[in-house]
Structure formats: C-alpha cells, structure tokens
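Below is the file upload_37.pdb, which contains PDB, C-alpha atoms and all ligand atoms.
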```pdb
ATOM      1  CA  MET A   1     -31.670  -7.543  -5.562  1.00  0.00           C
ATOM      2  CA  LEU A   2     -31.300 -11.194  -6.308  1.00  0.00           C
ATOM      3  CA  SER A   3     -30.806 -14.122  -4.019  1.00  0.00           C
ATOM      4  CA  VAL A   4     -31.083 -17.834  -4.520  1.00  0.00           C
ATOM      5  CA  SER A   5     -31.568 -20.433  -1.859  1.00  0.00           C
ATOM      6  CA  THR A   6     -28.684 -22.896  -1.677  1.00  0.00           C
ATOM      7  CA  ARG A   7     -28.004 -26.267  -0.091  1.00  0.00           C
ATOM      8  CA  PRO A   8     -24.561 -27.642   0.688  1.00  0.00           C
ATOM      9  CA  GLY A   9     -23.055 -29.914  -1.933  1.00  0.00           C
ATOM     10  CA  ARG A  10     -19.588 -31.444  -1.876  1.00  0.00           C
ATOM     11  CA  SER A  11     -16.706 -29.910   0.049  1.00  0.00           C
ATOM     12  CA  PHE A  12     -13.048 -30.189  -0.802  1.00  0.00           C
ATOM     13  CA  MET A  13      -9.773 -29.235   0.804  1.00  0.00           C
ATOM     14  CA  GLY A  14      -6.478 -29.371  -1.001  1.00  0.00           C
ATOM     15  CA  ARG A  15      -3.208 -27.785  -1.886  1.00  0.00           C
ATOM     16  CA  LEU A  16      -1.976 -26.316  -5.100  1.00  0.00           C
ATOM     17  CA  ALA A  17       1.462 -27.011  -6.547  1.00  0.00           C
ATOM     18  CA  LYS A  18       4.373 -24.579  -6.361  1.00  0.00           C
ATOM     19  CA  GLY A  19       4.470 -22.696  -9.643  1.00  0.00           C
ATOM     20  CA  ASP A  20       0.727 -22.962 -10.316  1.00  0.00           C
ATOM     21  CA  ASP A  21      -1.094 -19.883 -11.458  1.00  0.00           C
ATOM     22  CA  LEU A  22      -3.343 -19.316  -8.435  1.00  0.00           C
ATOM     23  CA  LEU A  23      -6.536 -18.256 -10.204  1.00  0.00           C
ATOM     24  CA  GLN A  24      -6.117 -20.642 -13.123  1.00  0.00           C
ATOM     25  CA  ALA A  25      -5.448 -23.625 -10.846  1.00  0.00           C
ATOM     26  CA  LEU A  26      -8.538 -22.921  -8.727  1.00  0.00           C
ATOM     27  CA  GLU A  27     -10.644 -22.488 -11.841  1.00  0.00           C
ATOM     28  CA  ASN A  28      -9.269 -25.679 -13.409  1.00  0.00           C
ATOM     29  CA  PHE A  29     -10.151 -27.579 -10.247  1.00  0.00           C
ATOM     30  CA  CYS A  30     -13.721 -26.248 -10.300  1.00  0.00           C
ATOM     31  CA  GLN A  31     -14.085 -27.090 -13.973  1.00  0.00           C
ATOM     32  CA  GLU A  32     -12.717 -30.619 -13.477  1.00  0.00           C
ATOM     33  CA  GLN A  33     -15.125 -31.153 -10.582  1.00  0.00           C
ATOM     34  CA  GLN A  34     -17.960 -29.450 -12.488  1.00  0.00           C
ATOM     35  CA  ILE A  35     -18.682 -27.094  -9.607  1.00  0.00           C
ATOM     36  CA  THR A  36     -21.139 -24.585 -11.026  1.00  0.00           C
ATOM     37  CA  LEU A  37     -21.932 -22.771  -7.780  1.00  0.00           C
ATOM     38  CA  GLY A  38     -19.886 -22.442  -4.633  1.00  0.00           C
ATOM     39  CA  GLU A  39     -17.361 -20.640  -2.513  1.00  0.00           C
ATOM     40  CA  VAL A  40     -13.603 -20.800  -2.296  1.00  0.00           C
ATOM     41  CA  ARG A  41     -11.182 -19.795   0.434  1.00  0.00           C
ATOM     42  CA  ALA A  42      -7.434 -20.122   0.529  1.00  0.00           C
ATOM     43  CA  LEU A  43      -4.272 -19.101   2.305  1.00  0.00           C
ATOM     44  CA  GLY A  44      -0.583 -19.570   1.703  1.00  0.00           C
ATOM     45  CA  ALA A  45       2.063 -17.613  -0.146  1.00  0.00           C
ATOM     46  CA  VAL A  46       2.841 -16.433  -3.664  1.00  0.00           C
ATOM     47  CA  THR A  47       6.103 -15.573  -5.408  1.00  0.00           C
ATOM     48  CA  ARG A  48       4.526 -12.648  -7.258  1.00  0.00           C
ATOM     49  CA  ALA A  49       1.026 -11.297  -7.670  1.00  0.00           C
ATOM     50  CA  ARG A  50      -1.202  -9.494 -10.118  1.00  0.00           C
ATOM     51  CA  VAL A  51      -4.305  -7.853  -8.702  1.00  0.00           C
ATOM     52  CA  GLY A  52      -6.893  -5.611 -10.279  1.00  0.00           C
ATOM     53  CA  PHE A  53      -8.747  -2.508  -9.223  1.00  0.00           C
ATOM     54  CA  TYR A  54     -11.889  -1.553 -11.136  1.00  0.00           C
ATOM     55  CA  ASN A  55     -12.077   2.124 -11.940  1.00  0.00           C
ATOM     56  CA  GLN A  56     -15.800   2.769 -11.677  1.00  0.00           C
ATOM     57  CA  GLU A  57     -15.785   5.959 -13.742  1.00  0.00           C
ATOM     58  CA  GLU A  58     -13.706   4.594 -16.562  1.00  0.00           C
ATOM     59  CA  ARG A  59     -15.293   1.144 -16.265  1.00  0.00           C
ATOM     60  CA  LYS A  60     -11.928  -0.424 -16.656  1.00  0.00           C
ATOM     61  CA  TYR A  61      -9.649  -2.658 -14.593  1.00  0.00           C
ATOM     62  CA  TYR A  62      -6.201  -1.400 -13.680  1.00  0.00           C
ATOM     63  CA  PHE A  63      -3.727  -4.095 -12.717  1.00  0.00           C
ATOM     64  CA  LEU A  64      -0.955  -3.952 -10.181  1.00  0.00           C
ATOM     65  CA  ASP A  65       2.049  -6.265 -10.549  1.00  0.00           C
ATOM     66  CA  LEU A  66       3.670  -7.055  -7.223  1.00  0.00           C
ATOM     67  CA  GLU A  67       7.083  -8.548  -7.936  1.00  0.00           C
ATOM     68  CA  GLN A  68       7.900  -9.975  -4.523  1.00  0.00           C
ATOM     69  CA  PRO A  69       7.093 -12.897  -2.239  1.00  0.00           C
ATOM     70  CA  LEU A  70       3.858 -12.268  -0.391  1.00  0.00           C
ATOM     71  CA  GLU A  71       1.704 -14.130   2.097  1.00  0.00           C
ATOM     72  CA  ILE A  72      -1.863 -14.881   1.061  1.00  0.00           C
ATOM     73  CA  LEU A  73      -3.508 -13.538   4.199  1.00  0.00           C
ATOM     74  CA  ALA A  74      -6.935 -14.317   2.804  1.00  0.00           C
ATOM     75  CA  LEU A  75      -8.469 -15.320  -0.462  1.00  0.00           C
ATOM     76  CA  VAL A  76     -12.238 -15.250  -0.696  1.00  0.00           C
ATOM     77  CA  GLY A  77     -14.119 -16.066  -3.819  1.00  0.00           C
ATOM     78  CA  ASN A  78     -17.177 -17.508  -5.404  1.00  0.00           C
ATOM     79  CA  ILE A  79     -17.820 -19.922  -8.211  1.00  0.00           C
ATOM     80  CA  SER A  80     -20.562 -19.466 -10.766  1.00  0.00           C
ATOM     81  CA  LEU A  81     -21.097 -19.845 -14.468  1.00  0.00           C
ATOM     82  CA  LYS A  82     -19.694 -17.581 -17.130  1.00  0.00           C
ATOM     83  CA  ASP A  83     -20.234 -18.521 -20.766  1.00  0.00           C
ATOM     84  CA  GLY A  84     -21.531 -21.883 -19.529  1.00  0.00           C
ATOM     85  CA  LYS A  85     -18.329 -22.756 -17.644  1.00  0.00           C
ATOM     86  CA  PRO A  86     -17.416 -22.563 -13.936  1.00  0.00           C
ATOM     87  CA  MET A  87     -15.648 -19.290 -13.224  1.00  0.00           C
ATOM     88  CA  VAL A  88     -13.858 -18.278 -10.032  1.00  0.00           C
ATOM     89  CA  HIS A  89     -14.187 -14.662  -8.895  1.00  0.00           C
ATOM     90  CA  ALA A  90     -11.743 -14.084  -6.068  1.00  0.00           C
ATOM     91  CA  HIS A  91     -10.248 -11.234  -4.090  1.00  0.00           C
ATOM     92  CA  VAL A  92      -7.000 -11.545  -2.157  1.00  0.00           C
ATOM     93  CA  THR A  93      -5.407  -9.757   0.724  1.00  0.00           C
ATOM     94  CA  LEU A  94      -1.635 -10.140   0.561  1.00  0.00           C
ATOM     95  CA  GLY A  95       0.960  -9.328   3.205  1.00  0.00           C
ATOM     96  CA  ASP A  96       4.602  -8.304   2.705  1.00  0.00           C
ATOM     97  CA  ALA A  97       7.695  -8.846   4.888  1.00  0.00           C
ATOM     98  CA  ALA A  98       6.826  -5.795   6.986  1.00  0.00           C
ATOM     99  CA  GLY A  99       3.281  -7.019   7.597  1.00  0.00           C
ATOM    100  CA  ARG A 100       1.744  -4.466   5.285  1.00  0.00           C
ATOM    101  CA  ALA A 101      -1.375  -5.571   3.470  1.00  0.00           C
ATOM    102  CA  CYS A 102      -2.467  -4.889  -0.058  1.00  0.00           C
ATOM    103  CA  GLY A 103      -4.625  -6.735  -2.484  1.00  0.00           C
ATOM    104  CA  GLY A 104      -7.434  -6.636  -4.959  1.00  0.00           C
ATOM    105  CA  HIS A 105      -9.280  -8.609  -7.590  1.00  0.00           C
ATOM    106  CA  LEU A 106      -7.205 -11.728  -8.215  1.00  0.00           C
ATOM    107  CA  ALA A 107      -5.874 -11.851 -11.766  1.00  0.00           C
ATOM    108  CA  PRO A 108      -3.984 -14.477 -13.747  1.00  0.00           C
ATOM    109  CA  GLY A 109      -0.249 -14.074 -13.173  1.00  0.00           C
ATOM    110  CA  THR A 110      -0.301 -14.650  -9.415  1.00  0.00           C
ATOM    111  CA  MET A 111       2.098 -17.531  -8.897  1.00  0.00           C
ATOM    112  CA  VAL A 112       1.783 -20.035  -6.064  1.00  0.00           C
ATOM    113  CA  PHE A 113       4.621 -20.717  -3.626  1.00  0.00           C
ATOM    114  CA  ALA A 114       2.314 -22.728  -1.379  1.00  0.00           C
ATOM    115  CA  CYS A 115      -1.447 -22.677  -1.156  1.00  0.00           C
ATOM    116  CA  GLU A 116      -4.076 -24.512   0.856  1.00  0.00           C
ATOM    117  CA  PHE A 117      -7.637 -24.147  -0.302  1.00  0.00           C
ATOM    118  CA  ALA A 118     -11.169 -25.110   0.635  1.00  0.00           C
ATOM    119  CA  VAL A 119     -14.030 -25.281  -1.852  1.00  0.00           C
ATOM    120  CA  HIS A 120     -17.664 -25.616  -0.874  1.00  0.00           C
ATOM    121  CA  GLU A 121     -20.135 -26.546  -3.553  1.00  0.00           C
ATOM    122  CA  TYR A 122     -23.752 -25.425  -3.409  1.00  0.00           C
ATOM    123  CA  GLN A 123     -26.845 -26.837  -5.010  1.00  0.00           C
ATOM    124  CA  ALA A 124     -29.515 -24.366  -6.056  1.00  0.00           C
ATOM    125  CA  GLU A 125     -32.743 -24.449  -7.961  1.00  0.00           C
ATOM    126  CA  GLN A 126     -31.613 -21.502 -10.032  1.00  0.00           C
ATOM    127  CA  MET A 127     -28.220 -21.278 -11.720  1.00  0.00           C
ATOM    128  CA  LEU A 128     -26.228 -18.110 -11.274  1.00  0.00           C
ATOM    129  CA  ALA A 129     -24.757 -17.150 -14.617  1.00  0.00           C
ATOM    130  CA  ARG A 130     -22.746 -13.999 -15.217  1.00  0.00           C
ATOM    131  CA  GLN A 131     -23.961 -11.569 -17.810  1.00  0.00           C
ATOM    132  CA  ASP A 132     -23.175  -8.058 -18.968  1.00  0.00           C
ATOM    133  CA  ASP A 133     -24.382  -5.504 -16.447  1.00  0.00           C
ATOM    134  CA  PRO A 134     -24.843  -2.172 -18.259  1.00  0.00           C
ATOM    135  CA  GLU A 135     -25.025  -0.204 -14.989  1.00  0.00           C
ATOM    136  CA  THR A 136     -21.512  -1.152 -13.922  1.00  0.00           C
ATOM    137  CA  GLY A 137     -19.833  -2.474 -17.053  1.00  0.00           C
ATOM    138  CA  LEU A 138     -19.080  -5.693 -15.167  1.00  0.00           C
ATOM    139  CA  MET A 139     -20.084  -9.312 -15.765  1.00  0.00           C
ATOM    140  CA  LEU A 140     -22.493  -9.844 -12.881  1.00  0.00           C
ATOM    141  CA  TRP A 141     -25.277 -12.153 -11.831  1.00  0.00           C
ATOM    142  CA  PRO A 142     -28.745 -11.107 -13.033  1.00  0.00           C
ATOM    143  CA  LYS A 143     -30.508  -8.385 -11.048  1.00  0.00           C
ATOM    144  CA  SER A 144     -33.567 -10.500 -10.374  1.00  0.00           C
TER
HETATM  145 ZN    ZN A 201     -13.558  -8.701  -8.309  1.00  0.00          ZN
END
```

Please express the file's structure as structure tokens.
Ligand code: ZN
Amino acid sequence: MLSVSTRPGRSFMGRLAKGDDLLQALENFCQEQQITLGEVRALGAVTRARVGFYNQEERKYYFLDLEQPLEILALVGNISLKDGKPMVHAHVTLGDAAGRACGGHLAPGTMVFACEFAVHEYQAEQMLARQDDPETGLMLWPKS
C-alpha cells in the first residue's frame, strides 16, 4: 500500500454555471488554481449524466448515458496529477424523480443544472501522480 502524509492547504467553496460540463468545470478550476493534491465534494442537479463502470475482466469502461434531470446526491472525488496536470477523479450518486439512486465514475458529458462544490487542497512531501497500473489496467497512484 501507499500513503502520504498531508497537511491542509487552501479551501474553496463555489458554484458552477448552468450548462457547464461538471467534470470539466471542476478540473478547469483545479488547473486554474494549480491544485495538485486535494479532495472535491459537490451536490446539486444535472440535466443529463454520463457515468462509467469499469469492467474488471475486460479492463474497459462502459458508459451509461442518463438522458434526464437528476439530483447530484453526492459527488466525491480527489485531485492529483496525471501527465503533470491536475486531474479530478470523481464518483457521483444521482437520484431520479422517484428517489431512485444510480451513479458511477463521473465522465465528461454530465451537464450542470446547478452545482455547489467544495475543494480542499492538501500539501504533501510526496506528489501523487497517476501512472499505468498493469494489475488493473487503470491509471493509479504508485503502489509504494
Ligand atoms: Zn473512478
């Protein structure tokens, strides 16, 4: 396993604009603020969503397009470096009009109706940079 010790850095709260691409807007914010390590949380609503599920045997993401208004019940994510740039990895739980939940790995194509977010930056002695992980086929932090 790997862990790095972190200290709190800056914290931000904000809202995204209607029509923003949820993942892209969060990532743009982190890149503008040069947040290389941190956490993100958000709630709100989207007009449509695209979420992924990673098939572990096939080592391939399958994407689900949800063409309806949905509540963002919870978005949790982290921020670290990929190819030298801040990258947001986030999962969302979404709720429909009947209160049913679904969700997955947040993908581009999830469009904001309203969204309030919080970002917490961390300082660490060691950077966390994503790299190819042959065991899973994913871009993960180093094993040690
Ligand atoms: Zn994921």

*For atom CA of A:Leu64 and atom CA of A:Gly38, the interatomic separation in Å (one decimal)*: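 Straight-line distance from atom CA of A:Leu64 to atom CA of A:Gly38 works out to 27.0 Å.
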
*Check every protein, DNA and RNA residue against ligand ZN 201 (chain A), keep those with an atom at most 7 Å away (counting all atoms listed in the file), and present them as a PyMOL selection string.*
chain A and resi 89-91+105

*Quote the spacing between atom CA of A:Phe113 and atom CA of A:Gly19 in Å to one decimal place.*
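About the pair atom CA of A:Phe113 and atom CA of A:Gly19: they are 6.3 Å apart.
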
_Coordinates-based distance that separates atom CA of A:Gln68 from atom CA of A:Leu16 (Å, one decimal)_ = 19.1 Å

On this structure, which residues satisfy the PyMOL selection byres (((chain A and resi 97) around 9) and not hetatm), written as a tab-separated table (two decimals) with C-alpha atoms, in the coordinates of the input?
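Result file is out_22.tsv:
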```tsv
chain	number	residue	atom	x	y	z
A	69	PRO	CA	7.09	-12.90	-2.24
A	70	LEU	CA	3.86	-12.27	-0.39
A	71	GLU	CA	1.70	-14.13	2.10
A	95	GLY	CA	0.96	-9.33	3.20
A	96	ASP	CA	4.60	-8.30	2.70
A	98	ALA	CA	6.83	-5.80	6.99
A	99	GLY	CA	3.28	-7.02	7.60
A	100	ARG	CA	1.74	-4.47	5.28
```

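Of the listed residues A:Glu121, A:Asn78, A:Phe12, A:Gly104, the one whose atoms come nearest to A:Gln34 is A:Glu121, with distances taken using only C-alpha atoms.
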
_Set the distance at 12 Å and use all atoms listed in the file: which residues neighbour A:Ala25 once local chain neighbours fewer than 6 positions away are removed? I'd like the list as a list of chain:residue names._
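Once the nearby chain positions are removed, what remains is A:Gly14, A:Arg15, A:Leu16, A:Ala17, A:Lys18, A:Gly19, A:Gln31, A:Glu32, A:Met87, A:Val88, A:Ala107, A:Pro108, A:Gly109, A:Thr110, A:Met111, A:Val112, A:Cys115, A:Glu116, A:Phe117.
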
*Residues within 7 Å of A:Tyr122, all atoms listed in the file, excluding chain neighbours under 4 positions, as a PyMOL selection string*: chain A and resi 6-9+37-38

*A:Glu58 environment, 12 Å, only C-alpha atoms, sequence neighbours closer than 4 positions dropped, as a ChimeraX atom specification*: /A:53-54,62,136-138

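For A:Met1, the non-local neighbours within 12 Å, defined as residues at least 4 positions apart in the same chain or in other chains and counting only C-alpha atoms, are Leu140, Trp141, Pro142, Lys143 and Ser144 of chain A.
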
Can you put all heavy atoms back into stretch 77-88 of chain A and show it as an mmCIF file, keeping the file's coordinate frame?
```cif
data_model
loop_
_atom_site.group_PDB
_atom_site.id
_atom_site.type_symbol
_atom_site.label_atom_id
_atom_site.label_comp_id
_atom_site.auth_asym_id
_atom_site.auth_seq_id
_atom_site.Cartn_x
_atom_site.Cartn_y
_atom_site.Cartn_z
ATOM 1 N N GLY A 77 -13.599 -16.105 -2.469
ATOM 2 C CA GLY A 77 -14.119 -16.066 -3.819
ATOM 3 C C GLY A 77 -15.385 -16.862 -3.955
ATOM 4 O O GLY A 77 -15.776 -17.604 -3.050
ATOM 5 N N ASN A 78 -16.010 -16.693 -5.108
ATOM 6 C CA ASN A 78 -17.177 -17.508 -5.404
ATOM 7 C C ASN A 78 -17.016 -18.155 -6.770
ATOM 8 O O ASN A 78 -16.142 -17.783 -7.558
ATOM 9 C CB ASN A 78 -18.477 -16.697 -5.270
ATOM 10 C CG ASN A 78 -18.503 -15.478 -6.166
ATOM 11 O OD1 ASN A 78 -18.159 -15.558 -7.343
ATOM 12 N ND2 ASN A 78 -18.887 -14.353 -5.609
ATOM 13 N N ILE A 79 -17.852 -19.148 -6.980
ATOM 14 C CA ILE A 79 -17.820 -19.922 -8.211
ATOM 15 C C ILE A 79 -19.216 -19.854 -8.817
ATOM 16 O O ILE A 79 -20.204 -20.136 -8.127
ATOM 17 C CB ILE A 79 -17.454 -21.400 -7.917
ATOM 18 C CG1 ILE A 79 -16.111 -21.494 -7.187
ATOM 19 C CG2 ILE A 79 -17.434 -22.223 -9.207
ATOM 20 C CD1 ILE A 79 -16.067 -22.618 -6.168
ATOM 21 N N SER A 80 -19.279 -19.459 -10.055
ATOM 22 C CA SER A 80 -20.562 -19.466 -10.766
ATOM 23 C C SER A 80 -20.259 -19.635 -12.244
ATOM 24 O O SER A 80 -19.098 -19.812 -12.628
ATOM 25 C CB SER A 80 -21.357 -18.183 -10.479
ATOM 26 O OG SER A 80 -20.654 -17.049 -10.936
ATOM 27 N N LEU A 81 -21.296 -19.578 -13.045
ATOM 28 C CA LEU A 81 -21.097 -19.845 -14.468
ATOM 29 C C LEU A 81 -20.848 -18.561 -15.250
ATOM 30 O O LEU A 81 -21.484 -17.535 -15.015
ATOM 31 C CB LEU A 81 -22.338 -20.540 -15.038
ATOM 32 C CG LEU A 81 -22.575 -21.962 -14.554
ATOM 33 C CD1 LEU A 81 -23.914 -22.478 -15.069
ATOM 34 C CD2 LEU A 81 -21.445 -22.887 -15.021
ATOM 35 N N LYS A 82 -19.899 -18.649 -16.153
ATOM 36 C CA LYS A 82 -19.694 -17.581 -17.130
ATOM 37 C C LYS A 82 -19.491 -18.259 -18.476
ATOM 38 O O LYS A 82 -18.631 -19.144 -18.589
ATOM 39 C CB LYS A 82 -18.484 -16.726 -16.765
ATOM 40 C CG LYS A 82 -18.314 -15.541 -17.704
ATOM 41 C CD LYS A 82 -17.061 -14.763 -17.358
ATOM 42 C CE LYS A 82 -16.793 -13.743 -18.432
ATOM 43 N NZ LYS A 82 -15.413 -13.252 -18.351
ATOM 44 N N ASP A 83 -20.283 -17.877 -19.442
ATOM 45 C CA ASP A 83 -20.234 -18.521 -20.766
ATOM 46 C C ASP A 83 -20.382 -20.039 -20.638
ATOM 47 O O ASP A 83 -19.706 -20.796 -21.336
ATOM 48 C CB ASP A 83 -18.935 -18.172 -21.501
ATOM 49 C CG ASP A 83 -18.764 -16.671 -21.693
ATOM 50 O OD1 ASP A 83 -19.780 -15.976 -21.886
ATOM 51 O OD2 ASP A 83 -17.611 -16.197 -21.625
ATOM 52 N N GLY A 84 -21.227 -20.467 -19.695
ATOM 53 C CA GLY A 84 -21.531 -21.883 -19.529
ATOM 54 C C GLY A 84 -20.474 -22.694 -18.802
ATOM 55 O O GLY A 84 -20.617 -23.903 -18.627
ATOM 56 N N LYS A 85 -19.403 -22.027 -18.333
ATOM 57 C CA LYS A 85 -18.329 -22.756 -17.644
ATOM 58 C C LYS A 85 -18.131 -22.192 -16.239
ATOM 59 O O LYS A 85 -18.294 -20.985 -16.022
ATOM 60 C CB LYS A 85 -17.007 -22.608 -18.407
ATOM 61 C CG LYS A 85 -16.947 -23.412 -19.682
ATOM 62 C CD LYS A 85 -15.509 -23.593 -20.171
ATOM 63 C CE LYS A 85 -14.762 -22.276 -20.326
ATOM 64 N NZ LYS A 85 -13.462 -22.424 -21.010
ATOM 65 N N PRO A 86 -17.708 -23.070 -15.280
ATOM 66 C CA PRO A 86 -17.416 -22.563 -13.936
ATOM 67 C C PRO A 86 -16.321 -21.500 -13.978
ATOM 68 O O PRO A 86 -15.287 -21.685 -14.621
ATOM 69 C CB PRO A 86 -16.915 -23.800 -13.190
ATOM 70 C CG PRO A 86 -17.507 -24.954 -13.935
ATOM 71 C CD PRO A 86 -17.554 -24.532 -15.369
ATOM 72 N N MET A 87 -16.604 -20.384 -13.305
ATOM 73 C CA MET A 87 -15.648 -19.290 -13.224
ATOM 74 C C MET A 87 -15.436 -18.923 -11.763
ATOM 75 O O MET A 87 -16.389 -18.879 -10.996
ATOM 76 C CB MET A 87 -16.195 -18.081 -13.980
ATOM 77 C CG MET A 87 -15.274 -16.883 -13.951
ATOM 78 S SD MET A 87 -16.198 -15.346 -14.066
ATOM 79 C CE MET A 87 -15.175 -14.309 -13.019
ATOM 80 N N VAL A 88 -14.181 -18.693 -11.399
ATOM 81 C CA VAL A 88 -13.858 -18.278 -10.032
ATOM 82 C C VAL A 88 -13.662 -16.767 -10.017
ATOM 83 O O VAL A 88 -12.871 -16.231 -10.800
ATOM 84 C CB VAL A 88 -12.576 -18.982 -9.528
ATOM 85 C CG1 VAL A 88 -12.139 -18.402 -8.188
ATOM 86 C CG2 VAL A 88 -12.800 -20.481 -9.407
#
```
